[in-house]
Amino acid sequence: MYASSIPQQIGYNHYKHYVSLFLSNETMLKQQFIDDLSAAKTPDEVEQVRVKYLGRKGLITNYAKNADFGKMTPEEKKNFGIVLNELKTFAAESLQKAIDTVKQSSTGTKNKLLDLSIPGSSSSLGALHPITLVQLEIESIFEGMGFTVLDSPEAETEYGNFESVNIPSDHPARDMQDTFWLQNEMVLRTHTSSNQVRALKRFGAPFRGIFPGRCFRYEAIDPSHENTFFQCEGLMVDKNISVANLIGVMKTLLSEVFHREIKVRLRPGFFPFVEPGFELDINCIFCGGKGCPICGDGWIELIPCGLVHPRVLEFGGVNPQEYSGFAFGLGLTRLAMMRFGVKDIRYFNCGDVRIYEQFNVFI
Ligand code: PHE
């Protein structure tokens with residue numbers, strides 16, 4: 001019987017049965033294996049096919065066991081061995097390929113084919129740190145008033161951090177700013193004030209600039225103290241600069257930051273690099289100045305400042321007879337806490353993006 005004589009009206013399964021009458025047992029077994037394997041769509045189903053054919057009682061295994069070698073000539077035995085080995089190798093290799101294929105197509109899609117209706121996975125953009133947000137805002141306010149924004153080193157010489165701003169080694173003010181010493185005798189800066197002299201030496205007078213940056217102090221950490229925090233130093237030196245200019249610039253800054261007119265007051269404050277020195281307080285933004293648990297008496301201490309000490313001008317190579325100036329040290333970390341209502345300073349250094357993401361609406 002030839003294939004051409006197979007009746008046309010019979011379906012594929014019948015056809016398979018029909019031709020099987022004329023095929024060898026190995027070929028039929030192989031074909032059956034191929035059919036079963038191509039129907040397997042999951043790793044489990046492929047495993048079932050493996051057990052069915054190559055398991056201990058599998059069809060291919062049994063096929064070898066049940067062979068009647070007694071009735072075979074040596075030539076037939078040899079051929080049987082070759083055919084059987086080919087069949088086993090074919091089955092093992094096909095199973096391995098099938099496993100790889102179904103594993104690939106089932107990864108992430110639970111054994112389903114590619115599903116184009118599943119929403120795509122977006123990658124997270126991260127978030128700007130709340131202190132960075134406040135810093136960017138401050139920078140743009142000062143740029144609007146003609147100030148330059150300058151970067152500065154976090155490790156300073158002892159001279160830079162202390163002596164250049166009029167804090168000699170035996171001065172008690174050093175104790176207020178205990179810090180971390182590096183092995184090369186430099187210090188992690190305790191404030192950004194060393195930039196006053198650095199800037200005057202480099203740019204001379206007149207000068208207007210701010211220096212935002214990270215500072216360090218040897219502090220016991222609690223909800224309102226950190227060993228690592230941010231300040232923004234400001235310096236303006238020109239002819240006839242007075243406290244009136246200082247107050248004017250500070251009020252402009254604060255009303256821009258808090259989006260309303262802010263009342264300020266100056267109290268005397270001591271810093272060796274300013275004379276006179278002040279603590280600038282703002283009228284409490286939480287209670288409007290009536291007094292509350294946050295401010296106590298209606299005022300919040302916010303910006304230490306003052307007129308640049310004549311010695312600091314001299315250290316910077318500027319003649320104090322000709323020029324005067326003001327300086328301030330805005331606590332950026334503190335401002336960020338007030339601006340965003342963060343009650344514990346330690347959140348800022350914890351590195352948890354879930355905290356930072358909440359503030360990006362302010363960009
Ligand atoms: N450097 C001072 C501090 O960190 C703050 C300050 C800056 C005070 C400028 C006056 C003028 O405490």
# chains A, B, ... in the order shown; residues from 1 in each chain; ligands from 1
$ residues_around --residues "Ala327 in chain A" --least-positions-apart "5" --cutoff "7 Å" --atoms "only C-alpha atoms" --output "number ranges by chain"
A: 234-236, 305-308
$ select_by_dssp --residues "range 228-307 of chain A" --states "strand (DSSP E or B)" --output "PyMOL selection string"
chain A and resi 228-238+264-268+274-283+299-307
$ closest_atom_pairs --of "chain A" --to "ligand 1" --cutoff "9 Å" --atoms "only C-alpha atoms and all ligand atoms" --output "Markdown table"
| residue | atom | partner | partner_atom_place_in_ligand_line | distance |
| --- | --- | --- | --- | --- |
| A:Val165 | CA | ligand 1 | 1 (N) | 9.0 |
| A:Met176 | CA | ligand 1 | 12 (O) | 8.5 |
| A:Gln177 | CA | ligand 1 | 12 (O) | 7.9 |
| A:Thr190 | CA | ligand 1 | 4 (O) | 6.7 |
| A:His191 | CA | ligand 1 | 4 (O) | 4.5 |
| A:Thr192 | CA | ligand 1 | 1 (N) | 6.2 |
| A:Ser193 | CA | ligand 1 | 1 (N) | 5.0 |
| A:Ser194 | CA | ligand 1 | 1 (N) | 8.3 |
| A:Gln196 | CA | ligand 1 | 9 (C) | 8.7 |
| A:Cys215 | CA | ligand 1 | 4 (O) | 8.7 |
| A:Gln231 | CA | ligand 1 | 4 (O) | 7.6 |
| A:Cys232 | CA | ligand 1 | 7 (C) | 8.6 |
| A:Glu233 | CA | ligand 1 | 7 (C) | 6.2 |
| A:Gly234 | CA | ligand 1 | 9 (C) | 7.2 |
| A:Leu235 | CA | ligand 1 | 9 (C) | 8.1 |
| A:Gly269 | CA | ligand 1 | 10 (C) | 8.4 |
| A:Phe270 | CA | ligand 1 | 8 (C) | 8.0 |
| A:Phe271 | CA | ligand 1 | 8 (C) | 5.8 |
| A:Pro272 | CA | ligand 1 | 10 (C) | 8.3 |
| A:Phe273 | CA | ligand 1 | 11 (C) | 6.9 |
| A:Val274 | CA | ligand 1 | 10 (C) | 6.0 |
| A:Gly277 | CA | ligand 1 | 10 (C) | 6.4 |
| A:Phe278 | CA | ligand 1 | 10 (C) | 7.2 |
| A:Glu279 | CA | ligand 1 | 8 (C) | 8.1 |
| A:Ile303 | CA | ligand 1 | 5 (C) | 7.6 |
| A:Pro304 | CA | ligand 1 | 8 (C) | 4.4 |
| A:Cys305 | CA | ligand 1 | 10 (C) | 3.7 |
| A:Gly306 | CA | ligand 1 | 11 (C) | 5.4 |
| A:Leu307 | CA | ligand 1 | 11 (C) | 7.7 |
| A:Val308 | CA | ligand 1 | 11 (C) | 7.5 |
| A:Phe326 | CA | ligand 1 | 11 (C) | 7.7 |
| A:Ala327 | CA | ligand 1 | 11 (C) | 4.7 |
| A:Phe328 | CA | ligand 1 | 9 (C) | 3.6 |
| A:Gly329 | CA | ligand 1 | 7 (C) | 3.5 |
| A:Leu330 | CA | ligand 1 | 7 (C) | 7.2 |
| A:Gly331 | CA | ligand 1 | 4 (O) | 8.1 |
$ residues_around --residues "Gln48 in chain A" --least-positions-apart "4" --cutoff "12 Å" --atoms "only C-alpha atoms" --output "ChimeraX atom specification"
/A:33,36-37,39-44,52-55,58,95,99
$ write_last_selection --atoms "all heavy atoms" --output "CSV table (one decimal), in the first residue's frame"
chain,number,residue,atom,x,y,z
A,33,PHE,N,5.9,9.9,20.7
A,33,PHE,CA,6.7,10.7,21.7
A,33,PHE,C,6.7,12.2,21.2
A,33,PHE,O,6.4,13.1,22.0
A,33,PHE,CB,8.1,10.2,21.7
A,33,PHE,CG,9.1,11.1,22.4
A,33,PHE,CD1,9.1,11.2,23.8
A,33,PHE,CD2,9.9,12.0,21.7
A,33,PHE,CE1,10.0,12.1,24.5
A,33,PHE,CE2,10.8,12.8,22.3
A,33,PHE,CZ,10.8,12.9,23.7
A,36,ASP,N,3.2,13.7,21.8
A,36,ASP,CA,3.0,14.0,23.2
A,36,ASP,C,3.8,15.2,23.7
A,36,ASP,O,3.3,16.1,24.4
A,36,ASP,CB,3.4,12.8,24.1
A,36,ASP,CG,2.4,11.7,24.1
A,36,ASP,OD1,1.3,12.0,23.5
A,36,ASP,OD2,2.6,10.6,24.6
A,37,LEU,N,5.1,15.2,23.2
A,37,LEU,CA,5.9,16.3,23.7
A,37,LEU,C,5.5,17.7,23.1
A,37,LEU,O,5.5,18.7,23.8
A,37,LEU,CB,7.4,16.1,23.2
A,37,LEU,CG,8.4,17.0,23.9
A,37,LEU,CD1,8.4,16.8,25.4
A,37,LEU,CD2,9.8,16.6,23.4
A,39,ALA,N,2.5,18.5,22.6
A,39,ALA,CA,1.3,19.0,23.3
A,39,ALA,C,1.6,19.5,24.7
A,39,ALA,O,0.8,20.2,25.3
A,39,ALA,CB,0.4,17.8,23.4
A,40,ALA,N,2.9,19.2,25.2
A,40,ALA,CA,3.2,19.7,26.6
A,40,ALA,C,3.6,21.2,26.6
A,40,ALA,O,4.5,21.6,25.8
A,40,ALA,CB,4.4,18.9,27.1
A,41,LYS,N,2.9,21.9,27.5
A,41,LYS,CA,3.1,23.4,27.4
A,41,LYS,C,3.7,23.9,28.7
A,41,LYS,O,4.0,25.1,28.8
A,41,LYS,CB,1.7,24.1,27.2
A,41,LYS,CG,1.2,23.9,25.8
A,41,LYS,CD,1.9,24.7,24.8
A,41,LYS,CE,1.4,24.4,23.4
A,41,LYS,NZ,2.2,23.4,22.7
A,42,THR,N,3.8,23.1,29.7
A,42,THR,CA,4.4,23.5,31.0
A,42,THR,C,5.5,22.6,31.4
A,42,THR,O,5.5,21.5,31.0
A,42,THR,CB,3.3,23.5,32.1
A,42,THR,OG1,3.0,22.2,32.4
A,42,THR,CG2,2.1,24.3,31.7
A,43,PRO,N,6.3,23.0,32.3
A,43,PRO,CA,7.4,22.2,32.8
A,43,PRO,C,6.9,20.8,33.4
A,43,PRO,O,7.4,19.8,33.2
A,43,PRO,CB,8.1,23.0,33.9
A,43,PRO,CG,7.9,24.4,33.5
A,43,PRO,CD,6.5,24.4,32.9
A,44,ASP,N,5.7,20.9,34.1
A,44,ASP,CA,5.1,19.7,34.6
A,44,ASP,C,4.7,18.7,33.5
A,44,ASP,O,4.9,17.5,33.6
A,44,ASP,CB,3.8,20.1,35.4
A,44,ASP,CG,4.2,20.6,36.8
A,44,ASP,OD1,5.4,20.5,37.1
A,44,ASP,OD2,3.3,21.0,37.6
A,52,LYS,N,6.7,9.2,31.1
A,52,LYS,CA,5.9,8.2,30.2
A,52,LYS,C,6.9,7.4,29.3
A,52,LYS,O,6.6,6.2,29.0
A,52,LYS,CB,4.9,9.0,29.4
A,52,LYS,CG,4.1,8.1,28.5
A,52,LYS,CD,2.9,8.9,27.9
A,52,LYS,CE,2.2,8.1,26.8
A,52,LYS,NZ,1.2,8.9,26.1
A,53,TYR,N,7.9,8.1,28.8
A,53,TYR,CA,8.8,7.4,27.8
A,53,TYR,C,10.1,6.9,28.4
A,53,TYR,O,10.6,5.8,28.1
A,53,TYR,CB,9.1,8.4,26.7
A,53,TYR,CG,7.9,8.5,25.8
A,53,TYR,CD1,6.9,9.5,26.1
A,53,TYR,CD2,7.6,7.6,24.8
A,53,TYR,CE1,5.7,9.6,25.4
A,53,TYR,CE2,6.4,7.8,24.0
A,53,TYR,CZ,5.5,8.7,24.3
A,53,TYR,OH,4.4,8.8,23.6
A,54,LEU,N,10.8,7.8,29.3
A,54,LEU,CA,12.1,7.4,29.7
A,54,LEU,C,12.1,7.0,31.2
A,54,LEU,O,13.2,6.6,31.7
A,54,LEU,CB,13.1,8.5,29.5
A,54,LEU,CG,13.4,8.9,28.0
A,54,LEU,CD1,14.4,10.0,28.0
A,54,LEU,CD2,13.9,7.7,27.3
A,55,GLY,N,11.0,7.0,31.9
A,55,GLY,CA,10.9,6.6,33.3
A,55,GLY,C,11.2,5.2,33.5
A,55,GLY,O,11.4,4.4,32.5
A,58,GLY,N,8.9,3.4,31.6
A,58,GLY,CA,8.5,4.2,30.5
A,58,GLY,C,8.4,3.3,29.2
A,58,GLY,O,9.0,2.2,29.1
A,95,LEU,N,13.5,16.4,25.1
A,95,LEU,CA,13.0,16.8,26.4
A,95,LEU,C,13.7,18.0,26.9
A,95,LEU,O,13.1,18.9,27.5
A,95,LEU,CB,13.0,15.6,27.4
A,95,LEU,CG,12.0,14.5,27.2
A,95,LEU,CD1,12.4,13.2,27.9
A,95,LEU,CD2,10.6,15.0,27.7
A,99,ILE,N,12.0,21.6,27.8
A,99,ILE,CA,12.1,22.2,29.1
A,99,ILE,C,12.5,23.6,29.0
A,99,ILE,O,11.9,24.6,29.6
A,99,ILE,CB,13.1,21.4,30.0
A,99,ILE,CG1,12.4,20.2,30.6
A,99,ILE,CG2,13.7,22.3,31.1
A,99,ILE,CD1,11.5,20.5,31.8
$ select_by_dssp --residues "range 155-277 of chain A" --states "helix (DSSP H, G or I)" --output "ChimeraX atom specification"
/A:158-161,163-165,173-176,194-203,243-258
$ closest_residue --among "A:Asp100, A:Glu185, A:Glu143, A:Glu45" --to "Arg208 in chain A" --atoms "only C-alpha atoms"
A:Glu143
